>>> print(open('input-v4.pdb').read())   # PDB, C-alpha atoms
ATOM      1  CA  MET A  29     127.588  96.266 114.092
ATOM      2  CA  LYS A  30     125.960  92.843 113.756
ATOM      3  CA  ILE A  31     122.890  91.938 111.707
ATOM      4  CA  VAL A  32     120.517  89.071 112.570
ATOM      5  CA  LEU A  33     117.629  88.002 110.330
ATOM      6  CA  HIS A  34     114.419  86.577 111.828
ATOM      7  CA  GLU A  35     111.770  84.904 109.675
ATOM      8  CA  VAL A  36     108.344  85.466 111.223
ATOM      9  CA  VAL A  37     105.367  83.239 110.401
ATOM     10  CA  LEU A  38     102.087  84.108 112.099
ATOM     11  CA  PRO A  39      98.480  83.067 111.444
ATOM     12  CA  LEU A  40      95.960  85.773 110.659
ATOM     13  CA  ARG A  41      93.020  86.477 112.905
ATOM     14  CA  HIS A  42      90.777  85.832 109.879
ATOM     15  CA  GLN A  43      91.267  84.829 106.265
ATOM     16  CA  PHE A  44      92.242  88.130 104.626
ATOM     17  CA  THR A  45      90.959  88.774 101.126
ATOM     18  CA  ILE A  46      91.433  91.765  98.834
ATOM     19  CA  ALA A  47      91.115  92.156  95.076
ATOM     20  CA  HIS A  48      94.705  90.926  94.590
ATOM     21  CA  GLU A  49      94.854  87.838  96.799
ATOM     22  CA  SER A  50      93.625  85.860  99.803
ATOM     23  CA  ARG A  51      95.749  84.462 102.638
ATOM     24  CA  SER A  52      95.453  82.902 106.116
ATOM     25  CA  GLU A  53      98.999  83.458 107.407
ATOM     26  CA  GLN A  54     101.685  86.105 107.080
ATOM     27  CA  ARG A  55     105.411  85.551 106.537
ATOM     28  CA  ASN A  56     107.634  88.556 107.233
ATOM     29  CA  LEU A  57     111.308  89.285 107.818
ATOM     30  CA  VAL A  58     112.508  91.128 110.914
ATOM     31  CA  VAL A  59     115.991  92.628 110.796
ATOM     32  CA  GLU A  60     117.901  93.041 114.047
ATOM     33  CA  LEU A  61     120.884  95.405 114.183
ATOM     34  CA  GLU A  62     123.065  95.165 117.285
ATOM     35  CA  GLU A  63     125.815  97.525 118.380
ATOM     36  CA  ASN A  64     127.404  97.601 121.846
ATOM     37  CA  GLY A  65     124.514  95.646 123.357
ATOM     38  CA  LEU A  66     121.781  97.858 121.891
ATOM     39  CA  LYS A  67     119.392  96.303 119.370
ATOM     40  CA  GLY A  68     117.255  97.934 116.722
ATOM     41  CA  TYR A  69     114.450  96.174 114.829
ATOM     42  CA  GLY A  70     112.802  96.665 111.465
ATOM     43  CA  GLU A  71     110.381  94.673 109.332
ATOM     44  CA  GLY A  72     109.738  93.785 105.726
ATOM     45  CA  ALA A  73     106.385  92.213 104.890
ATOM     46  CA  ALA A  74     106.327  89.451 102.273
ATOM     47  CA  ILE A  75     103.615  90.332  99.750
ATOM     48  CA  GLY A  76     102.871  87.858  96.975
ATOM     49  CA  TYR A  77     101.384  90.260  94.445
ATOM     50  CA  TYR A  78     104.557  92.349  94.559
ATOM     51  CA  GLY A  79     106.637  89.220  94.003
ATOM     52  CA  VAL A  80     108.631  89.575  97.221
ATOM     53  CA  GLY A  81     108.970  86.720  99.701
ATOM     54  CA  VAL A  82     111.087  86.282 102.815
ATOM     55  CA  GLY A  83     113.679  84.257 100.901
ATOM     56  CA  LYS A  84     114.244  87.073  98.421
ATOM     57  CA  MET A  85     114.695  89.600 101.240
ATOM     58  CA  VAL A  86     117.129  87.304 103.053
ATOM     59  CA  ASP A  87     119.187  86.760  99.895
ATOM     60  CA  SER A  88     119.400  90.503  99.276
ATOM     61  CA  LEU A  89     120.536  91.275 102.806
ATOM     62  CA  GLU A  90     122.986  88.381 102.992
ATOM     63  CA  ALA A  91     124.629  89.742  99.853
ATOM     64  CA  VAL A  92     125.456  92.977 101.700
ATOM     65  CA  ARG A  93     126.024  91.550 105.188
ATOM     66  CA  ARG A  94     129.726  92.404 105.210
ATOM     67  CA  ASP A  95     129.036  95.948 104.052
ATOM     68  CA  ILE A  96     126.498  96.448 106.835
ATOM     69  CA  GLU A  97     128.538  94.875 109.603
ATOM     70  CA  LYS A  98     131.750  96.761 108.823
ATOM     71  CA  CYS A  99     130.119 100.181 108.535
ATOM     72  CA  GLU A 100     130.580 102.812 111.213
ATOM     73  CA  PHE A 101     126.931 103.498 112.021
ATOM     74  CA  TYR A 102     125.986 107.002 113.073
ATOM     75  CA  ASP A 103     122.961 108.015 110.976
ATOM     76  CA  PRO A 104     120.184 105.888 109.392
ATOM     77  CA  VAL A 105     119.877 108.266 106.437
ATOM     78  CA  ALA A 106     123.584 107.860 105.637
ATOM     79  CA  LEU A 107     123.194 104.080 105.830
ATOM     80  CA  TRP A 108     120.173 104.228 103.494
ATOM     81  CA  ASP A 109     122.072 106.377 101.024
ATOM     82  CA  THR A 110     124.864 103.794 101.017
ATOM     83  CA  MET A 111     122.593 100.769 100.738
ATOM     84  CA  ILE A 112     120.204 102.081  98.068
ATOM     85  CA  GLU A 113     122.772 101.269  95.377
ATOM     86  CA  LYS A 114     122.976  97.680  96.587
ATOM     87  CA  LEU A 115     119.395  97.067  97.740
ATOM     88  CA  GLY A 116     117.467  99.356  95.410
ATOM     89  CA  GLU A 117     115.953  96.394  93.577
ATOM     90  CA  ASN A 118     114.504  95.083  96.847
ATOM     91  CA  ARG A 119     112.871  97.957  98.716
ATOM     92  CA  PHE A 120     111.169  95.508 101.072
ATOM     93  CA  ALA A 121     114.541  94.358 102.426
ATOM     94  CA  LEU A 122     115.791  97.951 102.470
ATOM     95  CA  CYS A 123     112.733  98.960 104.516
ATOM     96  CA  ALA A 124     113.482  96.362 107.196
ATOM     97  CA  LEU A 125     117.090  97.537 107.390
ATOM     98  CA  ASP A 126     116.143 101.228 107.486
ATOM     99  CA  GLU A 127     113.551 100.756 110.240
ATOM    100  CA  ALA A 128     116.075  98.789 112.310
ATOM    101  CA  ALA A 129     118.667 101.529 111.777
ATOM    102  CA  HIS A 130     116.232 104.202 112.993
ATOM    103  CA  ASP A 131     115.320 102.133 116.038
ATOM    104  CA  LEU A 132     119.008 101.624 116.892
ATOM    105  CA  TRP A 133     119.754 105.318 116.232
ATOM    106  CA  GLY A 134     117.111 106.411 118.729
ATOM    107  CA  LYS A 135     118.129 103.815 121.322
ATOM    108  CA  LYS A 136     121.752 104.964 121.127
ATOM    109  CA  ALA A 137     120.604 108.529 121.838
ATOM    110  CA  GLY A 138     118.065 107.473 124.467
ATOM    111  CA  LYS A 139     115.247 109.211 122.600
ATOM    112  CA  ALA A 140     112.233 108.216 120.473
ATOM    113  CA  VAL A 141     112.681 108.615 116.736
ATOM    114  CA  TRP A 142     109.893 111.209 116.499
ATOM    115  CA  GLU A 143     111.728 113.175 119.185
ATOM    116  CA  MET A 144     115.021 112.904 117.286
ATOM    117  CA  TRP A 145     113.225 114.475 114.309
ATOM    118  CA  GLY A 146     112.042 117.403 116.441
ATOM    119  CA  LEU A 147     108.357 116.433 116.304
ATOM    120  CA  GLU A 148     105.654 116.524 118.978
ATOM    121  CA  LEU A 149     102.884 114.019 119.653
ATOM    122  CA  LYS A 150     100.012 116.446 119.149
ATOM    123  CA  ASN A 151      96.786 116.135 117.130
ATOM    124  CA  LEU A 152      97.726 112.704 115.851
ATOM    125  CA  PRO A 153      95.467 110.980 113.316
ATOM    126  CA  ARG A 154      93.706 107.837 114.502
ATOM    127  CA  SER A 155      93.950 104.602 112.585
ATOM    128  CA  ASN A 156      91.238 102.775 110.742
ATOM    129  CA  TYR A 157      90.628  99.040 111.156
ATOM    130  CA  THR A 158      90.591  97.067 107.905
ATOM    131  CA  ILE A 159      87.756  94.746 106.931
ATOM    132  CA  GLY A 160      88.772  92.326 104.178
ATOM    133  CA  MET A 161      86.397  91.088 101.483
ATOM    134  CA  ASP A 162      84.051  88.384 102.744
ATOM    135  CA  SER A 163      80.389  87.594 103.116
ATOM    136  CA  VAL A 164      78.481  90.544 104.556
ATOM    137  CA  ASP A 165      77.730  88.644 107.779
ATOM    138  CA  LYS A 166      81.413  87.914 108.331
ATOM    139  CA  MET A 167      82.385  91.499 107.540
ATOM    140  CA  VAL A 168      79.892  92.719 110.128
ATOM    141  CA  ALA A 169      81.274  90.220 112.648
ATOM    142  CA  LYS A 170      84.836  91.428 112.027
ATOM    143  CA  MET A 171      83.751  95.012 112.557
ATOM    144  CA  LYS A 172      82.068  94.109 115.833
ATOM    145  CA  GLU A 173      85.317  92.589 117.134
ATOM    146  CA  PHE A 174      86.718  96.141 117.216
ATOM    147  CA  PRO A 175      83.557  98.222 117.739
ATOM    148  CA  ARG A 176      85.145 101.455 118.967
ATOM    149  CA  PHE A 177      87.321 102.318 115.997
ATOM    150  CA  PRO A 178      86.453 105.747 114.532
ATOM    151  CA  TYR A 179      87.239 104.562 110.986
ATOM    152  CA  TYR A 180      86.909 101.303 109.077
ATOM    153  CA  LYS A 181      88.666 100.653 105.802
ATOM    154  CA  ILE A 182      86.464  98.371 103.726
ATOM    155  CA  LYS A 183      88.104  96.293 101.002
ATOM    156  CA  LEU A 184      85.887  96.201  97.921
ATOM    157  CA  GLY A 185      85.980  94.808  94.397
ATOM    158  CA  MET A 186      82.785  92.794  94.026
ATOM    159  CA  GLU A 187      79.597  93.359  92.045
ATOM    160  CA  ASN A 188      77.627  94.315  95.144
ATOM    161  CA  ASP A 189      80.105  96.819  96.614
ATOM    162  CA  VAL A 190      77.548  99.536  97.334
ATOM    163  CA  GLU A 191      75.149  97.045  98.885
ATOM    164  CA  ILE A 192      77.945  95.851 101.184
ATOM    165  CA  ILE A 193      78.586  99.382 102.434
ATOM    166  CA  ARG A 194      74.865  99.980 102.846
ATOM    167  CA  GLU A 195      74.555  96.868 105.023
ATOM    168  CA  LEU A 196      77.667  97.688 107.089
ATOM    169  CA  ARG A 197      76.316 101.193 107.680
ATOM    170  CA  ARG A 198      73.363  99.654 109.525
ATOM    171  CA  HIS A 199      75.778  98.452 112.237
ATOM    172  CA  THR A 200      77.960 101.507 112.939
ATOM    173  CA  ASP A 201      78.131 105.287 112.765
ATOM    174  CA  ALA A 202      81.908 105.194 112.187
ATOM    175  CA  VAL A 203      83.439 106.788 109.095
ATOM    176  CA  PHE A 204      84.151 104.403 106.217
ATOM    177  CA  ARG A 205      87.088 104.459 103.850
ATOM    178  CA  VAL A 206      86.936 102.144 100.862
ATOM    179  CA  ASP A 207      89.815 100.509  99.008
ATOM    180  CA  ALA A 208      89.128  98.858  95.659
ATOM    181  CA  ASN A 209      92.754  97.738  95.154
ATOM    182  CA  THR A 210      92.597  98.535  91.402
ATOM    183  CA  ALA A 211      89.405  96.491  90.804
ATOM    184  CA  TRP A 212      87.128  99.212  89.356
ATOM    185  CA  GLY A 213      86.766 101.091  86.061
ATOM    186  CA  VAL A 214      86.483 104.812  85.383
ATOM    187  CA  GLU A 215      82.709 105.240  85.062
ATOM    188  CA  GLU A 216      82.138 102.624  87.754
ATOM    189  CA  THR A 217      84.216 104.636  90.229
ATOM    190  CA  ILE A 218      82.518 107.928  89.387
ATOM    191  CA  ASP A 219      79.062 106.374  89.748
ATOM    192  CA  LYS A 220      79.899 104.564  92.978
ATOM    193  CA  SER A 221      81.393 107.688  94.516
ATOM    194  CA  ARG A 222      77.942 109.316  94.609
ATOM    195  CA  ALA A 223      76.290 106.423  96.411
ATOM    196  CA  LEU A 224      79.246 105.928  98.745
ATOM    197  CA  LYS A 225      79.315 109.568  99.793
ATOM    198  CA  GLU A 226      75.699 109.307 100.913
ATOM    199  CA  LEU A 227      76.685 106.272 103.009
ATOM    200  CA  GLY A 228      79.342 108.109 104.998
ATOM    201  CA  VAL A 229      82.457 107.173 103.041
ATOM    202  CA  GLU A 230      85.375 109.591 103.479
ATOM    203  CA  PHE A 231      87.490 108.705 100.443
ATOM    204  CA  ILE A 232      88.213 106.027  97.840
ATOM    205  CA  GLU A 233      91.635 104.417  97.639
ATOM    206  CA  GLN A 234      93.167 103.259  94.339
ATOM    207  CA  PRO A 235      90.074 102.353  92.298
ATOM    208  CA  LEU A 236      91.905 101.838  88.965
ATOM    209  CA  LYS A 237      94.943  99.868  87.903
ATOM    210  CA  ALA A 238      98.209 101.612  88.772
ATOM    211  CA  GLU A 239      99.169 102.470  85.193
ATOM    212  CA  MET A 240      95.790 104.023  84.250
ATOM    213  CA  TRP A 241      96.970 107.606  84.741
ATOM    214  CA  LYS A 242      94.608 109.227  82.235
ATOM    215  CA  GLY A 243      91.649 107.384  83.722
ATOM    216  CA  MET A 244      92.671 108.380  87.238
ATOM    217  CA  ALA A 245      92.807 112.050  86.246
ATOM    218  CA  GLU A 246      89.257 111.780  84.922
ATOM    219  CA  VAL A 247      88.041 109.964  88.023
ATOM    220  CA  THR A 248      89.583 112.528  90.371
ATOM    221  CA  ALA A 249      88.046 115.388  88.380
ATOM    222  CA  LYS A 250      84.540 113.890  88.414
ATOM    223  CA  SER A 251      84.342 111.914  91.672
ATOM    224  CA  VAL A 252      82.411 113.492  94.534
ATOM    225  CA  LEU A 253      84.814 111.796  96.958
ATOM    226  CA  PRO A 254      88.583 112.351  97.289
ATOM    227  CA  ILE A 255      90.727 109.746  95.511
ATOM    228  CA  ILE A 256      93.873 108.450  97.238
ATOM    229  CA  ALA A 257      96.735 106.707  95.421
ATOM    230  CA  ASP A 258      98.182 103.443  96.733
ATOM    231  CA  GLU A 259      99.437 101.073  94.046
ATOM    232  CA  SER A 260     100.209 104.137  91.900
ATOM    233  CA  CYS A 261     102.437 105.601  94.645
ATOM    234  CA  ILE A 262     105.358 103.316  95.467
ATOM    235  CA  LEU A 263     108.603 105.283  95.164
ATOM    236  CA  GLU A 264     109.601 108.903  95.658
ATOM    237  CA  GLU A 265     109.398 109.693  91.953
ATOM    238  CA  ASP A 266     105.730 108.627  91.893
ATOM    239  CA  VAL A 267     104.556 111.501  94.090
ATOM    240  CA  GLU A 268     104.923 114.173  91.404
ATOM    241  CA  ARG A 269     102.864 112.215  88.898
ATOM    242  CA  CYS A 270     100.234 111.366  91.514
ATOM    243  CA  ALA A 271      99.766 115.075  92.149
ATOM    244  CA  GLU A 272      98.322 115.350  88.632
ATOM    245  CA  CYS A 273      95.836 112.498  89.057
ATOM    246  CA  PHE A 274      94.922 112.089  92.747
ATOM    247  CA  ASP A 275      93.823 114.099  95.758
ATOM    248  CA  GLY A 276      96.238 112.326  98.072
ATOM    249  CA  VAL A 277      98.767 109.522  98.423
ATOM    250  CA  ASN A 278      99.060 106.493 100.668
ATOM    251  CA  ILE A 279     102.756 105.954 101.425
ATOM    252  CA  LYS A 280     103.806 102.491 102.583
ATOM    253  CA  LEU A 281     107.219 102.074 104.160
ATOM    254  CA  THR A 282     107.627  98.531 102.879
ATOM    255  CA  LYS A 283     107.201  99.547  99.241
ATOM    256  CA  ALA A 284     109.112 102.833  99.473
ATOM    257  CA  GLY A 285     112.103 101.389 101.299
ATOM    258  CA  GLY A 286     111.640 102.592 104.871
ATOM    259  CA  LEU A 287     111.290 105.723 106.956
ATOM    260  CA  THR A 288     114.000 107.618 105.100
ATOM    261  CA  PRO A 289     112.224 107.840 101.717
ATOM    262  CA  ALA A 290     108.805 108.049 103.387
ATOM    263  CA  ARG A 291     109.720 111.344 105.062
ATOM    264  CA  ARG A 292     110.874 112.773 101.736
ATOM    265  CA  MET A 293     107.681 111.574 100.043
ATOM    266  CA  ILE A 294     105.581 113.257 102.727
ATOM    267  CA  ALA A 295     107.451 116.527 102.172
ATOM    268  CA  GLN A 296     106.978 116.283  98.395
ATOM    269  CA  ALA A 297     103.272 115.549  98.769
ATOM    270  CA  ARG A 298     102.815 118.564 101.046
ATOM    271  CA  LYS A 299     104.519 120.865  98.524
ATOM    272  CA  ARG A 300     102.083 119.659  95.869
ATOM    273  CA  GLY A 301      98.988 120.125  98.011
ATOM    274  CA  LEU A 302      98.235 116.425  98.424
ATOM    275  CA  LYS A 303      96.645 114.814 101.453
ATOM    276  CA  VAL A 304      98.997 112.295 103.056
ATOM    277  CA  MET A 305      98.212 108.865 104.414
ATOM    278  CA  VAL A 306     100.688 106.291 105.659
ATOM    279  CA  GLY A 307      99.525 102.701 105.405
ATOM    280  CA  CYS A 308     100.750  99.327 106.537
ATOM    281  CA  MET A 309     100.966  95.812 105.201
ATOM    282  CA  THR A 310     100.074  92.928 107.511
ATOM    283  CA  GLU A 311     102.914  93.702 109.893
ATOM    284  CA  THR A 312     103.825  92.928 113.478
ATOM    285  CA  THR A 313     104.338  95.580 116.139
ATOM    286  CA  VAL A 314     107.873  96.031 114.753
ATOM    287  CA  GLY A 315     106.635  97.633 111.535
ATOM    288  CA  ILE A 316     103.677  99.375 113.169
ATOM    289  CA  SER A 317     105.954 101.076 115.702
ATOM    290  CA  ALA A 318     108.062 102.468 112.866
ATOM    291  CA  ILE A 319     104.974 103.870 111.125
ATOM    292  CA  ALA A 320     103.864 105.555 114.357
ATOM    293  CA  GLN A 321     106.930 107.825 114.318
ATOM    294  CA  LEU A 322     105.446 109.601 111.283
ATOM    295  CA  LEU A 323     102.060 110.382 112.831
ATOM    296  CA  PRO A 324     102.714 114.094 113.534
ATOM    297  CA  LEU A 325     103.397 114.607 109.802
ATOM    298  CA  ILE A 326     100.307 113.061 108.195
ATOM    299  CA  ASP A 327      96.530 113.380 107.744
ATOM    300  CA  TYR A 328      95.404 109.733 107.752
ATOM    301  CA  VAL A 329      96.906 106.477 108.945
ATOM    302  CA  ASP A 330      96.256 102.793 108.449
ATOM    303  CA  MET A 331      98.345 101.051 111.132
ATOM    304  CA  ASP A 332      96.157  98.117 112.130
ATOM    305  CA  GLY A 333      98.434  95.411 110.704
ATOM    306  CA  ALA A 334      99.349  93.819 114.031
ATOM    307  CA  LEU A 335      95.661  93.609 114.967
ATOM    308  CA  LEU A 336      95.035  91.448 111.904
ATOM    309  CA  LEU A 337      97.523  88.860 113.217
ATOM    310  CA  ASP A 338      96.816  86.099 115.710
ATOM    311  CA  GLY A 339     100.007  86.659 117.670
ATOM    312  CA  ASP A 340     102.999  89.000 117.700
ATOM    313  CA  VAL A 341     106.786  88.978 118.091
ATOM    314  CA  ALA A 342     107.357  92.331 119.758
ATOM    315  CA  GLU A 343     106.058  94.973 122.090
ATOM    316  CA  GLY A 344     106.035  98.653 121.196
ATOM    317  CA  VAL A 345     103.463 101.109 119.907
ATOM    318  CA  ARG A 346      99.957  99.670 120.321
ATOM    319  CA  VAL A 347      96.771 100.675 118.543
ATOM    320  CA  VAL A 348      93.812 100.883 120.917
ATOM    321  CA  ASP A 349      90.446 101.895 119.440
ATOM    322  CA  GLY A 350      92.362 103.569 116.628
ATOM    323  CA  GLU A 351      94.667 105.580 118.894
ATOM    324  CA  ALA A 352      98.435 105.025 118.904
ATOM    325  CA  VAL A 353      99.662 104.295 122.439
ATOM    326  CA  PHE A 354     103.405 104.905 122.625
ATOM    327  CA  SER A 355     105.541 102.704 124.853
ATOM    328  CA  GLY A 356     107.826 105.432 126.193
ATOM    329  CA  GLU A 357     110.884 103.474 125.042
ATOM    330  CA  ALA A 358     113.626 104.969 122.901
ATOM    331  CA  GLY A 359     113.970 104.384 119.152
ATOM    332  CA  THR A 360     110.740 103.220 117.592
ATOM    333  CA  GLY A 361     109.895 101.673 120.965
ATOM    334  CA  VAL A 362     110.291  98.029 119.906
ATOM    335  CA  GLN A 363     111.148  95.307 122.398
ATOM    336  CA  TRP A 364     111.626  91.858 120.875
ATOM    337  CA  ILE A 365     109.727  88.954 122.464
ATOM    338  CA  GLY A 366     110.116  86.380 119.665
ATOM    339  CA  MET A 367     107.804  83.705 118.352
TER     340      MET A 367
END
>>> encode(input="input-v4.pdb", output="structure tokens")
Amino acid sequence: MKIVLHEVVLPLRHQFTIAHESRSEQRNLVVELEENGLKGYGEGAAIGYYGVGVGKMVDSLEAVRRDIEKCEFYDPVALWDTMIEKLGENRFALCALDEAAHDLWGKKAGKAVWEMWGLELKNLPRSNYTIGMDSVDKMVAKMKEFPRFPYYKIKLGMENDVEIIRELRRHTDAVFRVDANTAWGVEETIDKSRALKELGVEFIEQPLKAEMWKGMAEVTAKSVLPIIADESCILEEDVERCAECFDGVNIKLTKAGGLTPARRMIAQARKRGLKVMVGCMTETTVGISAIAQLLPLIDYVDMDGALLLDGDVAEGVRVVDGEAVFSGEAGTGVQWIGM
């Protein structure tokens, strides 16, 4: 097996601002695994506020190149179990490798990954489209670029959050989801939940800082809207604690380390009665196609990452008006087209 590393640099459709950061381009790493002429692809998104850049992912994978290339590949889970000891400190790099391994696994069998898992494409959740923090006029304009989405995720964390939602509501009947990215306080969240519910908001994502577990338990008990964990739910061991403080979890492949741990996290969340969302970073169609394999297992999905980019490097699963359109190809369905 051969591994090839591709650095991807793409401009964003718009300046993207959340409570953590603001950026106008996205740098990601795409891992290509090749065996007997078949190629699998996976992606790791470089996210500044998690301290992970492309260079760090490349260094981590180069350090285990020989181990990867000499292995007898037959199962992506077995590869993950081998590599977690060596890449556990860099889940972003491990995610890219794991997604590529799943894509290659399916292509070798001539089947889609969801099919290899014994799933069916029935009653799939539809994706939201994310509106980053901006002036209200620009947020409205962004929403109107994709007017037929059934859900919009609105990034909040400003003094006039409720007023923003009230103004956006004037322009659409779609369901809103709001994500404060840890920018709010306890009483602030409880108070805002009442106003937001009246404005057609479905749930609130990660209002408090990740380590504020006691505060999150209070918020979840008193909020009139469901509270979904994001920054508080990174690894498998976080799910159990989130069950005590949240109504649901948002699992992100990049942070967890790929499809392998994500499936286990979904199973754990279900056992604990949590709602399950799978979210994306700003990813190309490579990463989005991997996420799509999990759709039959989850309640909510945020897989609009490729739509936030002004360009792409692959073809695969597309998101059209919130609906995942599968390519019919084996693996995760990814076909590389390059920069």
>>> residues_around(input="input-v4.pdb", residues="stretch 116-127 of chain A", least_positions_apart="5", cutoff="10 Å", atoms="all atoms listed in the file", output="PyMOL selection string")
chain A and resi 31+33+56-61+68-75+78+80-82+84-89+96+104-105+107-108+111+132-133+262-263+280-290+314-315+317-319+359-360
>>> write_last_selection(input="input-v4.pdb", atoms="C-alpha atoms", output="PDB file, in the coordinates of the input")
ATOM      1  CA  ILE A  31     122.890  91.938 111.707  1.00  0.00           C
ATOM      2  CA  LEU A  33     117.629  88.002 110.330  1.00  0.00           C
ATOM      3  CA  ASN A  56     107.634  88.556 107.233  1.00  0.00           C
ATOM      4  CA  LEU A  57     111.308  89.285 107.818  1.00  0.00           C
ATOM      5  CA  VAL A  58     112.508  91.128 110.914  1.00  0.00           C
ATOM      6  CA  VAL A  59     115.991  92.628 110.796  1.00  0.00           C
ATOM      7  CA  GLU A  60     117.901  93.041 114.047  1.00  0.00           C
ATOM      8  CA  LEU A  61     120.884  95.405 114.183  1.00  0.00           C
ATOM      9  CA  GLY A  68     117.255  97.934 116.722  1.00  0.00           C
ATOM     10  CA  TYR A  69     114.450  96.174 114.829  1.00  0.00           C
ATOM     11  CA  GLY A  70     112.802  96.665 111.465  1.00  0.00           C
ATOM     12  CA  GLU A  71     110.381  94.673 109.332  1.00  0.00           C
ATOM     13  CA  GLY A  72     109.738  93.785 105.726  1.00  0.00           C
ATOM     14  CA  ALA A  73     106.385  92.213 104.890  1.00  0.00           C
ATOM     15  CA  ALA A  74     106.327  89.451 102.273  1.00  0.00           C
ATOM     16  CA  ILE A  75     103.615  90.332  99.750  1.00  0.00           C
ATOM     17  CA  TYR A  78     104.557  92.349  94.559  1.00  0.00           C
ATOM     18  CA  VAL A  80     108.631  89.575  97.221  1.00  0.00           C
ATOM     19  CA  GLY A  81     108.970  86.720  99.701  1.00  0.00           C
ATOM     20  CA  VAL A  82     111.087  86.282 102.815  1.00  0.00           C
ATOM     21  CA  LYS A  84     114.244  87.073  98.421  1.00  0.00           C
ATOM     22  CA  MET A  85     114.695  89.600 101.240  1.00  0.00           C
ATOM     23  CA  VAL A  86     117.129  87.304 103.053  1.00  0.00           C
ATOM     24  CA  ASP A  87     119.187  86.760  99.895  1.00  0.00           C
ATOM     25  CA  SER A  88     119.400  90.503  99.276  1.00  0.00           C
ATOM     26  CA  LEU A  89     120.536  91.275 102.806  1.00  0.00           C
ATOM     27  CA  ILE A  96     126.498  96.448 106.835  1.00  0.00           C
ATOM     28  CA  PRO A 104     120.184 105.888 109.392  1.00  0.00           C
ATOM     29  CA  VAL A 105     119.877 108.266 106.437  1.00  0.00           C
ATOM     30  CA  LEU A 107     123.194 104.080 105.830  1.00  0.00           C
ATOM     31  CA  TRP A 108     120.173 104.228 103.494  1.00  0.00           C
ATOM     32  CA  MET A 111     122.593 100.769 100.738  1.00  0.00           C
ATOM     33  CA  LEU A 132     119.008 101.624 116.892  1.00  0.00           C
ATOM     34  CA  TRP A 133     119.754 105.318 116.232  1.00  0.00           C
ATOM     35  CA  ILE A 262     105.358 103.316  95.467  1.00  0.00           C
ATOM     36  CA  LEU A 263     108.603 105.283  95.164  1.00  0.00           C
ATOM     37  CA  LYS A 280     103.806 102.491 102.583  1.00  0.00           C
ATOM     38  CA  LEU A 281     107.219 102.074 104.160  1.00  0.00           C
ATOM     39  CA  THR A 282     107.627  98.531 102.879  1.00  0.00           C
ATOM     40  CA  LYS A 283     107.201  99.547  99.241  1.00  0.00           C
ATOM     41  CA  ALA A 284     109.112 102.833  99.473  1.00  0.00           C
ATOM     42  CA  GLY A 285     112.103 101.389 101.299  1.00  0.00           C
ATOM     43  CA  GLY A 286     111.640 102.592 104.871  1.00  0.00           C
ATOM     44  CA  LEU A 287     111.290 105.723 106.956  1.00  0.00           C
ATOM     45  CA  THR A 288     114.000 107.618 105.100  1.00  0.00           C
ATOM     46  CA  PRO A 289     112.224 107.840 101.717  1.00  0.00           C
ATOM     47  CA  ALA A 290     108.805 108.049 103.387  1.00  0.00           C
ATOM     48  CA  VAL A 314     107.873  96.031 114.753  1.00  0.00           C
ATOM     49  CA  GLY A 315     106.635  97.633 111.535  1.00  0.00           C
ATOM     50  CA  SER A 317     105.954 101.076 115.702  1.00  0.00           C
ATOM     51  CA  ALA A 318     108.062 102.468 112.866  1.00  0.00           C
ATOM     52  CA  ILE A 319     104.974 103.870 111.125  1.00  0.00           C
ATOM     53  CA  GLY A 359     113.970 104.384 119.152  1.00  0.00           C
ATOM     54  CA  THR A 360     110.740 103.220 117.592  1.00  0.00           C
TER      55      THR A 360
END
>>> resolve_selection(input="input-v4.pdb", expression="the PyMOL selection byres ((chain A and resi 295) around 12)", output="PyMOL selection string")
chain A and resi 264+267-268+277+279+288-294+296-304+322+325-326
>>> residues_around(input="input-v4.pdb", residues="stretch 334-346 of chain A", least_positions_apart="2", cutoff="6 Å", atoms="all atoms listed in the file", output="JSON, numbers by chain")
{"A": [39, 40, 41, 311, 312, 313, 317, 332, 352, 353, 354, 355, 361, 362, 363, 364, 365, 366, 367]}
>>> residues_around(input="input-v4.pdb", residues="stretch 165-168 of chain A", least_positions_apart="6", cutoff="12 Å", atoms="only C-alpha atoms", output="list in words")
His42, Gln43, Phe44, Thr45, Tyr157, Thr158, Ile159, Phe174, Pro175, Tyr180, Lys181, Ile182, Lys183, Leu184, Ile192, Ile193, Arg194, Glu195, Leu196, Arg197, Arg198, His199 and Thr200 of chain A
>>> atom_distance(input="input-v4.pdb", atom1="atom CA of A:Arg154", atom2="atom CA of A:Ser260")
23.8 Å
>>> atom_distance(input="input-v4.pdb", atom1="atom CA of A:Glu226", atom2="atom CA of A:Cys261")
27.7 Å
>>> decode(input="input-v4.pdb", residues="stretch 225-230 of chain A", atoms="N, CA and C atoms", output="compact mmCIF listing (two decimals), in the first residue's frame")
# COMPACT_ATOMS: atom_id res chain seq x y z
N LYS A 225 -36.86 30.05 21.05
CA LYS A 225 -37.89 29.06 20.77
C LYS A 225 -39.07 29.70 20.06
N GLU A 226 -39.45 30.88 20.48
CA GLU A 226 -40.56 31.59 19.83
C GLU A 226 -40.23 31.98 18.40
N LEU A 227 -38.94 32.03 18.07
CA LEU A 227 -38.51 32.42 16.72
C LEU A 227 -38.20 31.22 15.83
N GLY A 228 -38.62 30.05 16.25
CA GLY A 228 -38.47 28.87 15.40
C GLY A 228 -37.10 28.23 15.42
N VAL A 229 -36.41 28.34 16.56
CA VAL A 229 -35.11 27.67 16.71
C VAL A 229 -35.34 26.26 17.25
N GLU A 230 -34.64 25.30 16.67
CA GLU A 230 -34.81 23.88 17.03
C GLU A 230 -33.98 23.48 18.23
